[in-house]
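**Q** Below is the file target.csv, with CSV, C-alpha atoms and all ligand atoms.
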chain,number,residue,atom,x,y,z
A,968,MET,CA,-35.4,2.1,18.0
A,969,SER,CA,-33.8,1.2,14.7
A,970,ALA,CA,-30.1,0.6,14.6
A,971,LEU,CA,-28.0,3.7,14.2
A,972,VAL,CA,-25.4,2.0,12.0
A,973,LEU,CA,-25.0,-1.2,10.0
A,974,PRO,CA,-24.3,-4.3,12.1
A,975,THR,CA,-20.9,-4.5,10.4
A,976,VAL,CA,-20.1,-1.0,11.4
A,977,GLU,CA,-21.0,-1.9,15.0
A,978,MET,CA,-18.3,-4.7,14.7
A,979,LEU,CA,-15.6,-2.4,13.5
A,980,ALA,CA,-12.9,-0.8,15.7
A,981,PRO,CA,-11.3,2.5,14.7
A,982,TYR,CA,-8.0,1.9,12.8
A,983,GLU,CA,-5.2,1.5,15.3
A,984,ALA,CA,-2.3,3.5,13.9
A,985,GLY,CA,1.0,3.6,15.7
A,986,LYS,CA,1.7,6.4,18.2
A,987,PRO,CA,3.6,9.3,16.8
A,988,ILE,CA,7.3,8.6,17.1
A,989,GLU,CA,7.9,11.7,19.4
A,990,GLU,CA,5.2,10.5,21.8
A,991,LEU,CA,6.7,7.0,22.0
A,992,ALA,CA,10.2,8.3,22.4
A,993,ARG,CA,9.0,10.5,25.3
A,994,GLU,CA,7.2,7.6,27.0
A,995,LEU,CA,10.2,5.3,26.6
A,996,GLY,CA,12.7,7.9,27.6
A,997,VAL,CA,14.7,7.3,24.4
A,998,THR,CA,15.7,10.3,22.3
A,999,ASP,CA,16.5,8.5,19.1
A,1000,ALA,CA,13.7,6.0,18.4
A,1001,VAL,CA,13.5,4.6,14.9
A,1002,LYS,CA,10.2,3.9,13.3
A,1003,LEU,CA,10.2,0.8,11.0
A,1004,ALA,CA,6.4,0.3,11.3
A,1005,SER,CA,4.6,2.0,8.4
A,1006,ASN,CA,6.7,1.3,5.3
A,1007,GLU,CA,7.7,4.9,4.8
A,1008,ASN,CA,10.7,6.0,2.7
A,1009,PRO,CA,13.7,6.3,5.1
A,1010,LEU,CA,15.4,8.7,2.8
A,1011,GLY,CA,12.6,11.2,3.2
A,1012,PRO,CA,10.9,13.1,0.4
A,1013,SER,CA,12.7,14.4,-2.7
A,1014,PRO,CA,14.2,17.8,-2.2
A,1015,ARG,CA,12.3,18.9,-5.4
A,1016,ALA,CA,9.0,17.8,-3.8
A,1017,LEU,CA,9.9,19.7,-0.7
A,1018,GLU,CA,10.7,22.8,-2.7
A,1019,ALA,CA,7.4,22.6,-4.7
A,1020,ALA,CA,5.4,22.1,-1.5
A,1021,ARG,CA,7.1,25.2,0.0
A,1022,ARG,CA,6.3,27.3,-3.0
A,1023,GLU,CA,2.6,26.2,-2.8
A,1024,LEU,CA,2.2,27.1,0.9
A,1025,ALA,CA,1.5,30.8,0.2
A,1026,SER,CA,-1.6,29.8,-1.8
A,1027,MET,CA,-3.2,27.7,0.9
A,1028,HIS,CA,-6.2,30.0,1.1
A,1029,PHE,CA,-7.3,28.7,-2.3
A,1030,TYR,CA,-9.1,25.3,-2.8
A,1031,PRO,CA,-7.0,22.8,-4.7
A,1032,ASP,CA,-7.7,21.9,-8.3
A,1033,ALA,CA,-10.6,19.5,-7.9
A,1034,ALA,CA,-9.6,17.7,-11.0
A,1035,ALA,CA,-5.9,17.5,-10.2
A,1036,TYR,CA,-5.5,18.5,-13.9
A,1037,ARG,CA,-1.7,19.0,-14.0
A,1038,LEU,CA,-0.9,15.9,-12.0
A,1039,ARG,CA,-3.3,13.7,-14.0
A,1040,GLU,CA,-1.9,15.2,-17.3
A,1041,ARG,CA,1.6,14.3,-16.2
A,1042,LEU,CA,0.6,10.8,-15.0
A,1043,ALA,CA,-1.2,10.2,-18.3
A,1044,ALA,CA,2.0,11.0,-20.1
A,1045,VAL,CA,4.1,8.8,-17.8
A,1046,HIS,CA,1.8,5.8,-18.2
A,1047,GLY,CA,0.7,6.3,-21.8
A,1048,VAL,CA,-3.0,6.5,-20.9
A,1049,ALA,CA,-5.7,9.1,-21.3
A,1050,MET,CA,-6.4,11.6,-18.5
A,1051,GLU,CA,-9.9,10.3,-18.4
A,1052,GLU,CA,-8.5,7.0,-17.3
A,1053,ILE,CA,-7.0,8.4,-14.1
A,1054,VAL,CA,-8.5,9.5,-10.8
A,1055,GLN,CA,-6.5,10.9,-7.9
A,1056,GLY,CA,-7.1,9.9,-4.3
A,1057,ASN,CA,-6.3,11.0,-0.8
A,1058,GLY,CA,-3.8,8.3,-0.7
A,1059,SER,CA,-4.6,5.1,-2.6
A,1060,ASN,CA,-6.4,4.2,0.7
A,1061,GLU,CA,-9.2,6.6,-0.2
A,1062,LEU,CA,-9.5,5.0,-3.6
A,1063,LEU,CA,-9.8,1.5,-2.2
A,1064,ASP,CA,-12.6,2.7,0.0
A,1065,LEU,CA,-14.2,4.5,-2.9
A,1066,ILE,CA,-14.1,1.4,-5.1
A,1067,VAL,CA,-16.1,-0.6,-2.6
A,1068,HIS,CA,-18.4,2.4,-1.9
A,1069,THR,CA,-19.0,3.0,-5.7
A,1070,PHE,CA,-19.3,-0.5,-7.1
A,1071,ALA,CA,-20.5,-2.8,-4.3
A,1072,THR,CA,-23.6,-2.9,-2.1
A,1073,PRO,CA,-24.8,-5.1,0.8
A,1074,GLY,CA,-26.4,-7.2,-2.0
A,1075,SER,CA,-23.2,-7.9,-3.7
A,1076,HIS,CA,-19.9,-9.5,-2.8
A,1077,ILE,CA,-16.1,-8.9,-2.9
A,1078,VAL,CA,-13.0,-11.1,-2.7
A,1079,PHE,CA,-9.6,-10.4,-1.3
A,1080,GLY,CA,-6.7,-12.3,0.3
A,1081,GLU,CA,-6.0,-13.0,3.9
A,1082,PRO,CA,-3.7,-11.7,5.3
A,1083,ALA,CA,-3.6,-8.8,2.8
A,1084,PHE,CA,-3.9,-5.0,3.1
A,1085,VAL,CA,-6.5,-4.6,5.9
A,1086,VAL,CA,-8.4,-1.7,4.2
A,1087,TYR,CA,-10.1,-4.1,1.8
A,1088,LYS,CA,-11.9,-5.8,4.7
A,1089,LEU,CA,-12.5,-2.4,6.5
A,1090,ALA,CA,-14.2,-1.1,3.5
A,1091,ALA,CA,-16.3,-4.2,3.1
A,1092,LEU,CA,-17.4,-3.9,6.7
A,1093,ALA,CA,-18.0,-0.1,6.5
A,1094,TYR,CA,-20.4,-0.5,3.6
A,1095,GLY,CA,-21.9,-3.8,4.7
A,1096,VAL,CA,-20.7,-5.8,1.7
A,1097,PRO,CA,-20.3,-9.5,2.2
A,1098,PHE,CA,-16.9,-10.8,1.4
A,1099,THR,CA,-14.7,-13.9,1.0
A,1100,ALA,CA,-11.2,-13.6,2.5
A,1101,VAL,CA,-9.1,-16.2,0.7
A,1102,PRO,CA,-6.2,-17.6,2.7
A,1103,LEU,CA,-2.7,-17.1,1.2
A,1104,ARG,CA,-0.9,-20.2,0.1
A,1105,ASP,CA,2.8,-20.4,0.9
A,1106,GLN,CA,2.5,-16.7,2.0
A,1107,ARG,CA,1.4,-15.7,-1.5
A,1108,HIS,CA,-2.0,-14.7,-2.9
A,1109,ASP,CA,-3.7,-17.9,-4.1
A,1110,LEU,CA,-5.1,-16.4,-7.3
A,1111,GLU,CA,-6.7,-19.7,-8.4
A,1112,ALA,CA,-8.6,-20.0,-5.1
A,1113,MET,CA,-9.5,-16.3,-5.4
A,1114,ALA,CA,-10.9,-16.8,-8.8
A,1115,ALA,CA,-12.8,-19.8,-7.5
A,1116,ALA,CA,-14.3,-17.6,-4.7
A,1117,VAL,CA,-16.0,-15.4,-7.3
A,1118,THR,CA,-19.8,-15.8,-7.4
A,1119,PRO,CA,-22.4,-14.2,-9.6
A,1120,LYS,CA,-22.7,-11.5,-7.0
A,1121,THR,CA,-19.0,-10.6,-6.9
A,1122,ARG,CA,-18.3,-7.0,-8.0
A,1123,VAL,CA,-14.7,-6.4,-6.9
A,1124,LEU,CA,-11.6,-8.6,-6.4
A,1125,PHE,CA,-8.5,-7.0,-4.8
A,1126,VAL,CA,-5.0,-8.2,-5.2
A,1127,ALA,CA,-2.1,-6.4,-3.4
A,1128,ASN,CA,1.0,-7.1,-5.5
A,1129,PRO,CA,3.4,-7.1,-3.7
A,1130,ASN,CA,1.2,-8.0,-0.7
A,1131,ASN,CA,1.2,-6.2,2.6
A,1132,PRO,CA,2.0,-7.6,5.3
A,1133,THR,CA,3.9,-10.5,3.7
A,1134,GLY,CA,5.8,-8.5,1.0
A,1135,THR,CA,5.4,-11.5,-1.3
A,1136,HIS,CA,4.4,-11.3,-5.0
A,1137,VAL,CA,2.4,-13.2,-7.6
A,1138,GLY,CA,4.0,-13.6,-11.0
A,1139,ARG,CA,3.0,-12.6,-14.4
A,1140,ALA,CA,1.6,-15.9,-15.7
A,1141,ALA,CA,-0.8,-16.2,-12.7
A,1142,VAL,CA,-1.9,-12.6,-12.9
A,1143,GLU,CA,-2.5,-12.9,-16.7
A,1144,ARG,CA,-4.6,-16.0,-16.1
A,1145,LEU,CA,-6.6,-14.2,-13.4
A,1146,LEU,CA,-7.3,-11.2,-15.6
A,1147,ARG,CA,-8.4,-13.5,-18.5
A,1148,GLU,CA,-10.4,-16.0,-16.6
A,1149,VAL,CA,-12.4,-14.1,-14.0
A,1150,PRO,CA,-15.9,-13.2,-15.4
A,1151,PRO,CA,-15.8,-9.8,-17.2
A,1152,GLU,CA,-18.3,-8.1,-15.0
A,1153,VAL,CA,-16.0,-8.3,-12.0
A,1154,ILE,CA,-13.7,-5.3,-11.3
A,1155,ILE,CA,-10.1,-6.6,-10.6
A,1156,VAL,CA,-8.1,-4.1,-8.5
A,1157,MET,CA,-4.3,-4.6,-8.7
A,1158,ASP,CA,-3.0,-2.6,-5.8
A,1159,GLU,CA,0.6,-1.9,-6.6
A,1160,ALA,CA,1.6,0.5,-3.8
A,1161,TYR,CA,5.1,-1.1,-3.7
A,1162,ILE,CA,5.8,-1.8,-7.3
A,1163,GLU,CA,8.7,0.5,-7.7
A,1164,TYR,CA,10.7,-1.7,-5.2
A,1165,THR,CA,10.3,-4.9,-7.1
A,1166,ASP,CA,13.1,-6.7,-8.9
A,1167,ALA,CA,11.8,-10.2,-9.5
A,1168,PRO,CA,12.0,-10.9,-13.3
A,1169,ASP,CA,8.5,-12.3,-13.4
A,1170,PHE,CA,6.9,-9.3,-11.6
A,1171,PRO,CA,4.0,-8.1,-13.7
A,1172,ASP,CA,3.3,-4.4,-14.2
A,1173,SER,CA,-0.5,-4.4,-14.5
A,1174,MET,CA,-0.4,-1.1,-16.3
A,1175,ARG,CA,0.9,-3.2,-19.3
A,1176,LEU,CA,-1.8,-5.8,-18.9
A,1177,ARG,CA,-4.8,-3.5,-19.4
A,1178,HIS,CA,-5.5,-5.0,-22.9
A,1179,LEU,CA,-6.3,-8.3,-21.2
A,1180,ARG,CA,-9.4,-7.0,-19.4
A,1181,GLU,CA,-11.7,-4.1,-19.5
A,1182,ARG,CA,-12.6,-4.0,-15.8
A,1183,LEU,CA,-9.2,-3.6,-14.3
A,1184,LEU,CA,-8.1,-0.8,-11.9
A,1185,VAL,CA,-4.4,-0.3,-11.2
A,1186,LEU,CA,-3.7,1.5,-8.0
A,1187,ARG,CA,-0.5,3.4,-7.3
A,1188,THR,CA,0.7,5.7,-4.5
A,1189,PHE,CA,3.1,8.6,-3.7
A,1190,SER,CA,3.3,7.4,-0.1
A,1191,LYS,CA,6.1,4.8,-0.5
A,1192,ILE,CA,9.0,5.3,-2.9
A,1193,TYR,CA,8.1,8.9,-3.5
A,1194,GLY,CA,8.2,9.6,0.2
A,1195,LEU,CA,5.0,11.6,0.5
A,1196,ALA,CA,3.0,9.5,2.9
A,1197,GLY,CA,2.1,12.5,5.0
A,1198,LEU,CA,0.6,14.4,2.1
A,1199,ARG,CA,-1.8,11.7,1.0
A,1200,VAL,CA,-1.7,11.2,-2.8
A,1201,GLY,CA,-2.5,8.1,-4.8
A,1202,TYR,CA,-4.2,7.4,-8.1
A,1203,ALA,CA,-6.1,4.7,-10.0
A,1204,VAL,CA,-5.8,3.9,-13.7
A,1205,GLY,CA,-8.7,2.2,-15.4
A,1206,PRO,CA,-11.3,2.4,-18.1
A,1207,ALA,CA,-12.9,5.9,-18.4
A,1208,GLN,CA,-16.3,4.5,-17.5
A,1209,LEU,CA,-15.1,3.2,-14.1
A,1210,ILE,CA,-13.1,6.3,-13.4
A,1211,ASP,CA,-16.2,8.5,-14.3
A,1212,TYR,CA,-18.3,6.6,-11.7
A,1213,MET,CA,-15.6,7.1,-9.1
A,1214,ASN,CA,-15.4,10.8,-9.9
A,1215,ARG,CA,-19.1,11.0,-9.1
A,1216,THR,CA,-18.8,9.6,-5.6
A,1217,ARG,CA,-15.5,11.0,-4.5
A,1218,ALA,CA,-15.2,14.3,-2.5
A,1219,PRO,CA,-14.5,17.2,-4.9
A,1220,PHE,CA,-11.3,18.5,-3.3
A,1221,ASN,CA,-9.9,15.1,-2.1
A,1222,VAL,CA,-6.2,15.9,-2.7
A,1223,GLY,CA,-4.8,19.1,-1.3
A,1224,ALA,CA,-2.9,21.7,-3.3
A,1225,ILE,CA,0.4,21.2,-1.6
A,1226,ALA,CA,0.1,17.4,-2.1
A,1227,GLN,CA,-0.6,17.9,-5.8
A,1228,ALA,CA,2.4,20.2,-6.3
A,1229,ALA,CA,4.7,17.9,-4.3
A,1230,ALA,CA,3.6,14.8,-6.2
A,1231,LEU,CA,4.2,16.5,-9.6
A,1232,ALA,CA,7.7,17.5,-8.6
A,1233,ALA,CA,8.4,14.1,-7.0
A,1234,LEU,CA,7.7,12.5,-10.4
A,1235,ASP,CA,10.6,14.5,-11.9
A,1236,ASP,CA,13.1,13.4,-9.4
A,1237,THR,CA,14.1,10.1,-11.0
A,1238,GLU,CA,17.4,10.2,-9.1
A,1239,HIS,CA,15.7,10.2,-5.7
A,1240,VAL,CA,13.4,7.3,-6.8
A,1241,GLU,CA,16.4,5.3,-8.2
A,1242,ARG,CA,18.4,5.8,-5.0
A,1243,SER,CA,15.4,4.9,-2.8
A,1244,ARG,CA,15.0,1.8,-4.9
A,1245,SER,CA,18.6,0.6,-5.0
A,1246,GLU,CA,19.2,1.2,-1.3
A,1247,ASN,CA,15.9,-0.6,-0.4
A,1248,ILE,CA,16.8,-3.6,-2.5
A,1249,ARG,CA,20.3,-3.8,-1.0
A,1250,GLU,CA,19.1,-3.5,2.6
A,1251,ARG,CA,16.1,-5.7,2.0
A,1252,ASP,CA,18.4,-8.5,0.9
A,1253,ARG,CA,20.7,-7.9,3.8
A,1254,LEU,CA,17.9,-7.9,6.3
A,1255,THR,CA,16.6,-11.1,4.8
A,1256,ARG,CA,20.0,-12.8,5.0
A,1257,GLU,CA,20.7,-11.7,8.5
A,1258,LEU,CA,17.3,-12.6,9.9
A,1259,THR,CA,17.7,-16.0,8.2
A,1260,ALA,CA,21.1,-16.4,9.9
A,1261,LEU,CA,19.4,-15.8,13.2
A,1262,GLY,CA,17.3,-18.9,12.5
A,1263,LEU,CA,14.2,-17.0,11.7
A,1264,SER,CA,11.9,-17.5,8.7
A,1265,VAL,CA,11.5,-14.5,6.4
A,1266,ALA,CA,9.0,-14.3,3.6
A,1267,PRO,CA,10.6,-13.5,0.2
A,1268,SER,CA,9.9,-9.7,0.0
A,1269,GLN,CA,9.6,-7.5,-3.1
A,1270,ALA,CA,8.5,-4.5,-1.1
A,1271,ASN,CA,10.1,-2.0,1.3
A,1272,PHE,CA,9.5,-4.2,4.4
A,1273,VAL,CA,10.1,-7.8,5.5
A,1274,PHE,CA,7.8,-10.1,7.2
A,1275,VAL,CA,9.6,-12.3,9.7
A,1276,ASP,CA,8.3,-15.2,11.8
A,1277,VAL,CA,10.1,-15.0,15.1
A,1278,GLY,CA,9.1,-18.6,16.0
A,1279,ARG,CA,7.5,-17.6,19.4
A,1280,PRO,CA,4.9,-15.1,20.5
A,1281,ALA,CA,5.8,-11.9,18.7
A,1282,ARG,CA,4.3,-9.5,21.2
A,1283,PRO,CA,7.0,-9.7,23.9
A,1284,VAL,CA,9.7,-9.4,21.1
A,1285,TYR,CA,7.8,-6.3,19.9
A,1286,ASP,CA,7.8,-4.9,23.4
A,1287,ALA,CA,11.5,-5.6,23.9
A,1288,LEU,CA,12.3,-3.8,20.6
A,1289,LEU,CA,10.2,-0.9,21.7
A,1290,ARG,CA,12.1,-0.5,24.9
A,1291,LYS,CA,15.2,-0.3,22.8
A,1292,GLY,CA,13.6,2.5,20.7
A,1293,VAL,CA,12.9,0.3,17.7
A,1294,ILE,CA,9.3,0.4,16.5
A,1295,VAL,CA,8.1,-2.4,14.3
A,1296,ARG,CA,4.6,-3.7,13.4
A,1297,PRO,CA,2.9,-6.7,15.2
A,1298,PHE,CA,-0.3,-8.2,14.0
A,1299,GLY,CA,-2.9,-9.5,16.4
A,1300,ASN,CA,-4.1,-12.2,14.0
A,1301,LEU,CA,-0.5,-13.3,13.1
A,1302,PRO,CA,0.8,-13.9,16.6
A,1303,THR,CA,4.4,-15.1,15.8
A,1304,SER,CA,5.2,-12.6,13.1
A,1305,LEU,CA,6.5,-9.0,12.8
A,1306,ARG,CA,6.5,-6.7,9.8
A,1307,VAL,CA,9.7,-4.5,9.7
A,1308,THR,CA,10.1,-1.6,7.3
A,1309,VAL,CA,13.5,-1.6,5.5
A,1310,GLY,CA,15.2,1.5,7.0
A,1311,THR,CA,18.6,3.1,6.3
A,1312,GLU,CA,21.6,0.9,6.9
A,1313,ARG,CA,22.0,2.4,10.3
A,1314,ASP,CA,18.3,1.8,11.3
A,1315,ASN,CA,18.6,-1.8,10.1
A,1316,ASP,CA,21.8,-2.4,12.1
A,1317,ARG,CA,20.0,-1.1,15.2
A,1318,PHE,CA,17.0,-3.3,14.5
A,1319,LEU,CA,19.1,-6.4,14.0
A,1320,GLU,CA,21.2,-5.8,17.1
A,1321,SER,CA,18.1,-5.1,19.2
A,1322,LEU,CA,16.3,-8.2,17.8
A,1323,ALA,CA,19.3,-10.5,18.5
A,1324,ALA,CA,19.4,-9.2,22.1
A,1325,ALA,CA,15.6,-9.5,22.5
A,1326,LEU,CA,15.7,-13.1,21.3
A,1327,ARG,CA,18.6,-14.1,23.7
B,1,LIG,C1,-1.0,-2.6,-0.3
B,1,LIG,C2,-1.3,-1.2,0.1
B,1,LIG,N1,-2.1,-0.5,-0.6
B,1,LIG,C3,-2.5,0.7,-0.3
B,1,LIG,C4,-1.9,1.4,0.7
B,1,LIG,C5,-2.3,2.7,1.1
B,1,LIG,O1,-1.4,3.7,0.9
B,1,LIG,P1,-1.7,5.2,0.8
B,1,LIG,O2,-3.1,5.4,1.2
B,1,LIG,O3,-0.8,5.9,1.6
B,1,LIG,O4,-1.5,5.5,-0.7
B,1,LIG,C6,-0.9,0.7,1.5
B,1,LIG,C7,-0.3,1.4,2.7
B,1,LIG,O5,0.4,0.9,3.4
B,1,LIG,C8,-0.6,-0.6,1.2
B,1,LIG,O6,0.2,-1.3,1.9
Could you write out this structure as structure tokens?
**A**
Amino acid sequence: MSALVLPTVEMLAPYEAGKPIEELARELGVTDAVKLASNENPLGPSPRALEAARRELASMHFYPDAAAYRLRERLAAVHGVAMEEIVQGNGSNELLDLIVHTFATPGSHIVFGEPAFVVYKLAALAYGVPFTAVPLRDQRHDLEAMAAAVTPKTRVLFVANPNNPTGTHVGRAAVERLLREVPPEVIIVMDEAYIEYTDAPDFPDSMRLRHLRERLLVLRTFSKIYGLAGLRVGYAVGPAQLIDYMNRTRAPFNVGAIAQAAALAALDDTEHVERSRSENIRERDRLTRELTALGLSVAPSQANFVFVDVGRPARPVYDALLRKGVIVRPFGNLPTSLRVTVGTERDNDRFLESLAAALR
């Protein structure tokens, strides 16, 4: 009998998401667990987004706008691009998958960093696309090595900036060089899910570098600073030709009506975004300082999480934190590190105290 699925799909395991916080809390017998595991906004959604979502609820018997017209129109104005240069996604996750699905085949090749956002590899495996996972250097994407990994078969190269799980970034000069030097047929994807949290003076906004390269897709999301992770909205900006191909392969109603309405309203709440940003930067710096003071090594983060090397097997530390009701993110392939979302000041205090106790 012929194989039911691609051999690479046979190798895949379903994505292991964390347990719902209520379930964990029940299991652990704690009533006030804090989840610092998925890089969500600890301040919650904007009240304006919440109100817009509520208003939309009564129309849930209608399909959403398949073209996300109003949202794309607004995003086009925000970024100074044409509507035809934007495609909406069910989270930017769907767009990452769609990019591989649309532009790569088992006969081509893709490049990404390691460790980087895991979806690049998952998509490659799902569609049977050969890939090169280029190790980070000093915990940052090694863009020179990534450019060198490009072959005549390479169709897509992914860069998460800032990167997940390390939170580190690559600077403007290196990104500009990459955009200029990689052969023009390759689509470079700048995945900027956390860009609103960055404050490094050399951090490049790829939306402003589009003149350097035709085949550039810039990915953004409403899941992080906009606080809408549960609604699933992201978007890609790129040349109309690439966006047109992605529109052919995506599901017609990929972003729900409530999600579209909330995203549109969230864009208007600049005060909520600004507060989310400043509190994150303040607490990110404090977490970094205090973890360093515990003698731990912390990667310089530009995101809403920190990546800390606990200098011993991380799993027992993770388990000890869990028992104290603090949920962080371990990685099987990075056995001494934990990724910790920057929470509210209170959440972070609780994490720091629990960690110090776990390490004693
Ligand atoms: C680098 C990066 N890109 C994309 C995503 C996907 O986010 P979403 O699908 O919620 O937009 C994430 C989520 O954690 C991420 O870390």
**Q** Please find the residues contacting ligand LIG 1 (chain B) at a distance of at most 6 Å between atoms, with all atoms listed in the file counted, and report them as a PDB file with C-alpha atoms, keeping the file's coordinate frame.
**A**
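Saved the output as part-v7.pdb:
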ATOM      1  CA  GLY A1058      -3.800   8.300  -0.700  1.00  0.00           C
ATOM      2  CA  SER A1059      -4.600   5.100  -2.600  1.00  0.00           C
ATOM      3  CA  ASN A1060      -6.400   4.200   0.700  1.00  0.00           C
ATOM      4  CA  PHE A1084      -3.900  -5.000   3.100  1.00  0.00           C
ATOM      5  CA  ALA A1127      -2.100  -6.400  -3.400  1.00  0.00           C
ATOM      6  CA  ASN A1130       1.200  -8.000  -0.700  1.00  0.00           C
ATOM      7  CA  ASN A1131       1.200  -6.200   2.600  1.00  0.00           C
ATOM      8  CA  ASP A1158      -3.000  -2.600  -5.800  1.00  0.00           C
ATOM      9  CA  ALA A1160       1.600   0.500  -3.800  1.00  0.00           C
ATOM     10  CA  THR A1188       0.700   5.700  -4.500  1.00  0.00           C
ATOM     11  CA  SER A1190       3.300   7.400  -0.100  1.00  0.00           C
ATOM     12  CA  ALA A1196       3.000   9.500   2.900  1.00  0.00           C
ATOM     13  CA  ARG A1199      -1.800  11.700   1.000  1.00  0.00           C
ATOM     14  CA  GLY A1201      -2.500   8.100  -4.800  1.00  0.00           C
TER      15      GLY A1201
END
**Q** Can you pull out the residues contacting Gly1074 of chain A? Cut-off 12 Å, using all atoms listed in the file, and skip same-chain residues under 5 positions away; I want them as a list in words.
**A**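 What passes the distance filter is Ala1091, Tyr1094, Gly1095, Val1096, Pro1097, Phe1098, Pro1119, Lys1120, Thr1121 and Arg1122 of chain A.
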**Q** Taking a cut-off of 9 Å and counting all atoms listed in the file, can you build a table that, for each residue of segment 1060-1177 of chain A near segment 1225-1248 of chain A, reports the nearest atom pair and how far apart they are in Å (one decimal), sorted by chain then residue number, as a tab-separated table?
**A**
residue	atom	partner	partner_atom	distance
A:Glu1163	CA	A:Arg1244	CA	7.0
A:Tyr1164	CA	A:Arg1244	CA	5.6
A:Thr1165	CA	A:Ile1248	CA	8.1
A:Asp1166	CA	A:Ile1248	CA	8.0
**Q** Which of these, A:Arg1215, A:Arg1175, A:Arg1180, A:Arg1107, has the shortest distance to Val1054 of chain A once you count all atoms listed in the file?
**A**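 Nearest candidate to Val1054 of chain A out of A:Arg1215, A:Arg1175, A:Arg1180, A:Arg1107: A:Arg1215.
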**Q** For each of A:Val1085, A:Ala1034, A:Ile1192, A:Ile1294, take the minimum atom-to-atom distance to Pro987 of chain A, counting all atoms listed in the file, then give the residue where this is smallest.
**A**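 Smallest separation from Pro987 of chain A among the options: A:Ile1294.
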**Q** Report as a Markdown table the residues of segment 1017-1135 of chain A within 10 Å of segment 1299-1318 of chain A, each with its shortest atom pair and distance in Å (one decimal), using all atoms listed in the file, ordered by chain and increasing residue number.
**A**
| residue | atom | partner | partner_atom | distance |
| --- | --- | --- | --- | --- |
| A:Pro1082 | CA | A:Leu1301 | CA | 8.6 |
| A:Asn1131 | CA | A:Arg1306 | CA | 9.0 |
| A:Pro1132 | CA | A:Arg1306 | CA | 6.4 |
| A:Thr1133 | CA | A:Arg1306 | CA | 7.6 |
| A:Gly1134 | CA | A:Arg1306 | CA | 9.0 |
**Q** What lies within 9 Å of segment 1148-1156 of chain A using only C-alpha atoms, ignoring chain neighbours under 2 positions off, as an MDAnalysis selection string?
**A** chainID A and resid 1063 1066 1070 1114:1115 1117 1119:1127 1143:1146 1158 1180:1186
**Q** Find the residue from A:Ala1224, A:Ile988, A:Val1295, A:Ala1287 that sits nearest to His1028 of chain A; use only C-alpha atoms when measuring.
**A**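 With only C-alpha atoms as the atom set, the closest residue is A:Ala1224.
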**Q** Using all atoms listed in the file, find the one residue out of A:Ala1116, A:Ala1266, A:Glu1040, A:Ala1093 that sits nearest to Leu979 of chain A.
**A** A:Ala1093
**Q** Would you mind reading off the distance between atom CA of Arg1187 of chain A and atom CA of Tyr1202 of chain A, one decimal, in Å?
**A**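 Computed distance, atom CA of Arg1187 of chain A to atom CA of Tyr1202 of chain A, equals 5.5 Å.
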**Q** I'd like to know which of A:Val1273, A:Leu1092, A:Leu1254, A:Val1001 is closest to Leu1319 of chain A, using all atoms listed in the file.
**A**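 Residue with the minimum atom-to-atom distance to Leu1319 of chain A: A:Leu1254.
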**Q** Tell me, in Å to one decimal, how far atom CA of Ser1005 of chain A is from atom CA of Phe1298 of chain A.
**A**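 Taking atom CA of Ser1005 of chain A as the start and atom CA of Phe1298 of chain A as the end point, the length is 12.6 Å.
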**Q** So how many Å separate atom CA of Gly1223 of chain A and atom CA of Asp1032 of chain A, to one decimal?
**A**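 Value for the atom CA of Gly1223 of chain A-atom CA of Asp1032 of chain A distance: 8.1 Å.
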**Q** Excluding same-chain residues fewer than 5 positions from Ala1207 of chain A, what lies within 8 Å of it counting only C-alpha atoms, as an mmCIF file with C-alpha atoms, keeping the file's coordinate frame?
**A**
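To be explicit, this is the file written out as selection_12.cif:
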data_model
loop_
_atom_site.group_PDB
_atom_site.id
_atom_site.type_symbol
_atom_site.label_atom_id
_atom_site.label_comp_id
_atom_site.auth_asym_id
_atom_site.auth_seq_id
_atom_site.Cartn_x
_atom_site.Cartn_y
_atom_site.Cartn_z
ATOM 1 C CA GLU A 1051 -9.900 10.300 -18.400
ATOM 2 C CA GLU A 1052 -8.500 7.000 -17.300
ATOM 3 C CA ILE A 1053 -7.000 8.400 -14.100
#
